[in-house]
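Structure record follows, encoded as structure tokens.
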Amino acid sequence: MEIEKRVNGKTKLIGVIGNPIEHTMSPQLQNTIFSAIGENCIYVPFHIEKDDLEDAVKGFKALNAVGFNITVPFKKDIMKYLDEISDKAVIIDAVNTVKISNGRLTGYNTDAEGFSRAFKSESNLDFKDKKVILIGAGGAACSVAVQLVMEGAKSVGIINRTVSKAESIASKINKNFGFKIECYKPDDSRASEAFKQADIIVNATSVGMYPETENMPISTVYSFSEGQIVFDLVYKPQKTMFLKKAGDAGCKIINGTGMLFHQAVLQMKSGRAKD
Ligand code: ATR
């Protein structure tokens with residue numbers, strides 16, 4: 001049902017906060033899903049200043065919102081205002097979903113699970129015993145690394161221009177799971193060899209995203225092997241230069257749209273009242 005027909009005195013609020021927030025596609029996505037499944041919720045974006053974060057959280061609580069989502073740059077700062085945080089979000093050190101129930105705020109991270117669901121539904125495979133190379137070492141890469149290890153990947157290697165950031169993900173994972181991640185600088189010859197041998201390659205940097213669509217997250221020294229599964233977290237454009245090259249080399253390619261969708265569905269499930 002369309003929003004103007006279904007918003008009434010019983011409508012539940014779910015917010016999304018960020019700075020900036022104007023570019024977000026989440027409200028269209030979430031409100032379309034609410035309309036389709038007949039859930040009486042409305043999803044509204046809010047541009048918040050850093051100093052107002054605590055007040056915003058209190059505001060959602062006072063307004064009896066069922067929850068809210070968090071985007072850049074508050075995924076970490078939000079954690080200090082919550083009553084409880086899921087184990088996975090603690091390891092990833094970022095919360096993108098808060099559920100409010102009986103006045104208590106619980107934080108979750110749905111990025112990792114969204115990645116896993118998108119990968120499985122588009123490849124019909126899972127991560128068990130796979131050799132994986134991850135490019136990038138930001139928040140998105142950390143979510144992906146945690147999920148890969150939790151789901152039984154055989155090996156995970158991270159290539160990042162700032163190798164210390166890769167090492168900090170590796171040490172977190174080692175501490176929590178006793179799993180050793182290899183970290184490489186982009187010019188390390190071991191990195192290009194591991195890249196060639198990998199079953200799955202994931203770009204978790206934003207390189208290649210619109211408008212800089214000619215850029216690649218790795219140099220031309222790296223070569224894809226036929227049959228590899230190559231996943232780019234970028235969804236705009238749908239086919240980055242990285243995916244084009246992988247496709248030309250005979251790889252199965254997956255873009256970031258499915259992850260965006262699956263993590264949004266998971267956010268909706270953890271944020272809404274009756275689940
Ligand atoms: P997010 O939280 O969305 O993952 P982020 O924390 O800014 O975003 O991380 C972006 C990742 O992309 C980082 O690993 C970054 O590399 P550095 O750790 O060296 O900063 C990587 N990245 C961004 N621009 C890049 C570029 N032009 N070339 C290579 N890597 C890049």
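To be explicit about the labels: the chains of the structure tokens are called A, B, and onward in the order shown, and within each one the residues are counted from 1, while ligands get numbers from 1 in the order they are shown.
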**Message:** Which residues are near ligand 1 in this structure, taking near to mean any atom at most 6 Å from a ligand atom and counting only C-alpha atoms and all ligand atoms? Format them as number ranges by chain.
**Reply:** A: 136-141, 160-162, 165, 205-207, 217
**Request:** Would you return as a VMD selection string the members of region 51-197 of chain A that DSSP assigns to helix (DSSP H, G or I) on this structure's backbone?
**Result:** chain A and resid 51 to 62 77 to 81 87 to 92 111 to 123 139 to 150 163 to 177 189 to 197
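Going from CA of Glu151 (chain A) to CA of Ile173 (chain A) covers 13.1 Å.
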Close residues, Ile48 (chain A) itself excluded, 7 Å, only C-alpha atoms, min 3 positions apart in chain, as a short mmCIF file (atom, residue, chain, number, x, y, z; two decimals) with N, CA and C atoms, in the first residue's frame:
```cif
data_model
loop_
_atom_site.label_atom_id
_atom_site.label_comp_id
_atom_site.auth_asym_id
_atom_site.auth_seq_id
_atom_site.Cartn_x
_atom_site.Cartn_y
_atom_site.Cartn_z
N ILE A 17 20.26 7.29 10.45
CA ILE A 17 21.03 8.50 10.72
C ILE A 17 22.40 8.43 10.06
N GLY A 18 22.87 9.57 9.61
CA GLY A 18 24.19 9.65 8.98
C GLY A 18 24.54 11.11 8.74
N ASN A 19 25.73 11.31 8.21
CA ASN A 19 26.16 12.67 7.87
C ASN A 19 27.26 12.58 6.82
N ASP A 52 25.31 15.92 18.32
CA ASP A 52 23.90 15.68 18.64
C ASP A 52 23.55 14.19 18.67
N LEU A 53 24.56 13.33 18.52
CA LEU A 53 24.27 11.90 18.40
C LEU A 53 23.52 11.35 19.63
#
```
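Excluding Lys239 (chain A) itself and any same-chain residue fewer than 5 positions from it, the protein and nucleic acid residues within 12 Å of it, counting only C-alpha atoms, are Gly208, Met209, Tyr210, Thr213, Glu214, Met216, Val230, Phe231, Asp232, Leu233, Val234, Lys244, Lys245, Ala246, Gly247, Asp248, Ile253, Ile254, Asn255, Gly256 and Thr257 of chain A.
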Cut-off 8 Å: closest region 88-116 of chain A/region 54-78 of chain A atom pairs per residue, using only C-alpha atoms, as CSV:
```
residue,atom,partner,partner_atom,distance
A:Asp93,CA,A:Lys76,CA,6.4
A:Ala94,CA,A:Lys76,CA,4.8
A:Val95,CA,A:Lys75,CA,5.0
A:Asn96,CA,A:Ile70,CA,4.6
A:Thr97,CA,A:Asn69,CA,4.4
A:Val98,CA,A:Phe68,CA,5.3
A:Lys99,CA,A:Gly67,CA,4.3
A:Ile100,CA,A:Gly67,CA,5.1
A:Ser101,CA,A:Val66,CA,7.1
A:Gly103,CA,A:Lys61,CA,6.5
```
Please write the residues from the selection above to a file, keeping N, CA and C atoms, as a compact mmCIF listing (two decimals), in the first residue's frame.
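Full text of out-v6.txt as output:
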```txt
# COMPACT_ATOMS: atom_id res chain seq x y z
N ASP A 93 33.33 -4.25 15.40
CA ASP A 93 33.51 -2.92 15.98
C ASP A 93 32.70 -1.86 15.24
N ALA A 94 31.51 -2.25 14.81
CA ALA A 94 30.61 -1.30 14.13
C ALA A 94 29.18 -1.81 14.22
N VAL A 95 28.26 -0.88 14.46
CA VAL A 95 26.83 -1.22 14.55
C VAL A 95 26.11 -0.46 13.44
N ASN A 96 25.29 -1.19 12.66
CA ASN A 96 24.51 -0.46 11.63
C ASN A 96 23.01 -0.56 11.87
N THR A 97 22.62 -1.28 12.93
CA THR A 97 21.19 -1.45 13.21
C THR A 97 20.96 -1.43 14.72
N VAL A 98 19.98 -0.65 15.15
CA VAL A 98 19.62 -0.64 16.58
C VAL A 98 18.14 -0.98 16.71
N LYS A 99 17.88 -1.92 17.60
CA LYS A 99 16.49 -2.27 17.89
C LYS A 99 16.15 -1.71 19.27
N ILE A 100 14.97 -1.09 19.38
CA ILE A 100 14.55 -0.57 20.68
C ILE A 100 13.40 -1.44 21.18
N SER A 101 13.60 -2.06 22.32
CA SER A 101 12.57 -2.94 22.85
C SER A 101 12.48 -2.72 24.35
N GLY A 103 12.37 -0.08 25.93
CA GLY A 103 13.28 1.00 26.33
C GLY A 103 14.76 0.63 26.29
```
**Item:** Shell of 12 Å around Leu148 (chain A), only C-alpha atoms, local chain residues under 2 positions omitted, as a VMD selection string
**Value:** chain A and resid 112 to 113 115 to 117 119 126 to 134 141 to 146 150 to 157 173 177 179 181 200 to 202
**Complete:** Shortest contact to Ser270 (chain A), candidates A:Tyr222, A:Phe46, A:Tyr108, A:Phe34, atoms counted only C-alpha atoms, goes to A:Tyr108
